[in-house]
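Asks: Dropping the structure in here first, questions after.
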Amino acid sequence: MKKLIIPVISWLIVAWTCKVFLFSIPYKFTNHPDTQHIFGTIGGWMGDVFARGLGDFFTRFGPYLVGSFEILTSLVLLAPVLVWLLGLAGVVDSTGVRRRFHMLGGLMASAVMAGAVFFHLFTPLGVEVLHQGKSDGGSLFYAAASILVLGIALFFLNRGVRD
């Protein structure tokens, strides 16, 4: 039973994580006003606390760096599908591949969302992002916090499990 439940839970976590990461890509790569506000707020804070150049760099390139890492993480999390298909074709041995990719992807997702949670909690960005008189109701923070926790869970769920 454990052999069935852990993969199902893992794929549900992967689906949520990839949905959040991949649906945010158009915002990060098109210089959307919400993205400008978020990364500009954090960049301004970084410039005041650390160095102006660092803050300016984060404001300008942060969306692309974070978005690129989220794409890479999504590819790692979804890679078992490709390996499984190659295994069906007899090209590779797919034994244990899902588990290893999900462990790595869980750590990657948690790492990037640890940064997001930090910036929501300890910078002027705040838990509830306010921009142009509108509030996100904390949805960005809660999505980041959920992926931080679920990424860690994904790692531990798959550690020691054999496919």
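Order determines the names: the first chain of the structure tokens is A, the second B, and so forth; residues in each chain are numbered 1 upward, and ligands are numbered 1 upward as they are shown.
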Fewer than 6 positions away in the same chain doesn't count, so skip those; otherwise give me all residues within 8 Å of range 109-125 of chain A, counting only C-alpha atoms, as a list in words.
Replies: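 Answer for this query is Thr17, Ile38, Thr41, Ile42, Trp45, Val66, Phe69, Glu70, Thr73, Phe141, Ala144, Ala145, Ile147, Leu148, Val149, Leu150, Gly151 and Ile152 of chain A.
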Asks: Please list as a ChimeraX atom specification every residue within 12 Å of range 3-8 of chain A, counting only C-alpha atoms and excluding residues in the same chain fewer than 5 positions away.
Replies: /A:13-15,80,96-103,153-163
Asks: Just write the chosen residues, N, CA and C atoms, as a short mmCIF file (atom, residue, chain, number, x, y, z; two decimals), in the first residue's frame.
Replies:
```
data_model
loop_
_atom_site.label_atom_id
_atom_site.label_comp_id
_atom_site.auth_asym_id
_atom_site.auth_seq_id
_atom_site.Cartn_x
_atom_site.Cartn_y
_atom_site.Cartn_z
N ILE A 13 1.81 16.73 -4.92
CA ILE A 13 2.70 17.83 -4.53
C ILE A 13 3.38 18.42 -5.75
N VAL A 14 3.84 17.56 -6.64
CA VAL A 14 4.51 18.03 -7.88
C VAL A 14 3.53 18.86 -8.71
N ALA A 15 2.30 18.39 -8.83
CA ALA A 15 1.30 19.13 -9.63
C ALA A 15 1.07 20.53 -9.07
N PRO A 80 10.61 12.53 -14.22
CA PRO A 80 10.25 11.10 -14.16
C PRO A 80 9.26 10.66 -15.24
N GLY A 96 13.45 3.52 -9.52
CA GLY A 96 13.90 4.48 -8.52
C GLY A 96 14.08 5.90 -9.00
N VAL A 97 13.83 6.14 -10.28
CA VAL A 97 14.08 7.47 -10.84
C VAL A 97 13.10 8.49 -10.29
N ARG A 98 11.82 8.16 -10.22
CA ARG A 98 10.82 9.11 -9.72
C ARG A 98 11.20 9.56 -8.32
N ARG A 99 11.55 8.64 -7.49
CA ARG A 99 11.89 8.94 -6.11
C ARG A 99 13.07 9.92 -6.04
N ARG A 100 14.12 9.65 -6.79
CA ARG A 100 15.31 10.51 -6.74
C ARG A 100 15.03 11.91 -7.29
N PHE A 101 14.31 12.00 -8.40
CA PHE A 101 13.98 13.31 -8.96
C PHE A 101 13.07 14.09 -8.01
N HIS A 102 12.13 13.40 -7.38
CA HIS A 102 11.22 14.10 -6.48
C HIS A 102 11.93 14.54 -5.20
N MET A 103 12.90 13.77 -4.75
CA MET A 103 13.69 14.23 -3.60
C MET A 103 14.45 15.51 -3.95
N ALA A 153 8.40 17.93 2.64
CA ALA A 153 7.64 16.67 2.76
C ALA A 153 7.95 15.75 1.59
N LEU A 154 8.03 16.31 0.39
CA LEU A 154 8.33 15.51 -0.81
C LEU A 154 9.69 14.83 -0.65
N PHE A 155 10.66 15.55 -0.14
CA PHE A 155 11.98 14.96 0.08
C PHE A 155 11.89 13.78 1.05
N PHE A 156 11.28 14.02 2.21
CA PHE A 156 11.25 12.98 3.24
C PHE A 156 10.34 11.81 2.87
N LEU A 157 9.25 12.08 2.16
CA LEU A 157 8.38 10.99 1.72
C LEU A 157 9.12 10.00 0.83
N ASN A 158 9.99 10.51 0.01
CA ASN A 158 10.67 9.68 -0.99
C ASN A 158 12.02 9.17 -0.54
N ARG A 159 12.50 9.64 0.57
CA ARG A 159 13.78 9.18 1.10
C ARG A 159 13.62 7.77 1.65
N GLY A 160 14.30 6.84 1.06
CA GLY A 160 14.25 5.47 1.55
C GLY A 160 13.16 4.62 0.96
N VAL A 161 12.27 5.21 0.17
CA VAL A 161 11.22 4.44 -0.49
C VAL A 161 11.78 3.84 -1.76
N ARG A 162 11.42 2.63 -2.05
CA ARG A 162 11.89 1.98 -3.28
C ARG A 162 10.73 1.87 -4.26
N ASP A 163 11.00 2.27 -5.51
CA ASP A 163 9.98 2.15 -6.55
C ASP A 163 9.88 0.72 -7.03
#
```
Asks: Taking only C-alpha atoms into account, which of A:Gly90, A:Pro26, A:Pro33, A:Gly43 comes nearest Tyr64 in chain A?
Replies: A:Pro26
Asks: Would you mind listing what lies within 12 Å of Asn31 in chain A as a list in words, with only C-alpha atoms counted and same-chain residues fewer than 3 positions away left out?
Replies: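 So the residues in contact are Ser24, Ile25, Pro26, Tyr27, Lys28, Asp34, Thr35, Gln36, His37, Ile38, Phe39, Gly40, Thr59, Arg60, Phe61, Gly62, Pro63, Tyr64 and Gly67 of chain A.
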Asks: Mind dumping the selected residues with C-alpha atoms as a CSV table (one decimal), in the first residue's frame?
Replies:
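Result saved to selection23.csv:
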```
chain,number,residue,atom,x,y,z
A,24,SER,CA,4.0,32.7,-12.6
A,25,ILE,CA,6.5,32.5,-15.5
A,26,PRO,CA,4.6,34.9,-17.8
A,27,TYR,CA,4.6,37.5,-15.0
A,28,LYS,CA,8.3,37.2,-14.3
A,34,ASP,CA,3.0,43.2,-10.2
A,35,THR,CA,6.4,41.6,-10.7
A,36,GLN,CA,8.0,45.1,-10.9
A,37,HIS,CA,6.4,46.0,-7.6
A,38,ILE,CA,7.4,42.8,-5.8
A,39,PHE,CA,11.0,42.7,-7.0
A,40,GLY,CA,11.3,46.5,-6.8
A,59,THR,CA,15.2,44.6,-9.0
A,60,ARG,CA,16.4,44.2,-12.6
A,61,PHE,CA,17.4,40.6,-12.8
A,62,GLY,CA,15.6,38.9,-9.9
A,63,PRO,CA,12.5,37.9,-11.8
A,64,TYR,CA,14.5,36.2,-14.5
A,67,GLY,CA,11.8,32.3,-12.8
```
Asks: List every residue of range 38-137 of chain A that DSSP, applied to the backbone of this structure, places in alpha helix (DSSP H), and write the result as a PyMOL selection string.
Replies: chain A and resi 38-49+52-88+97-122
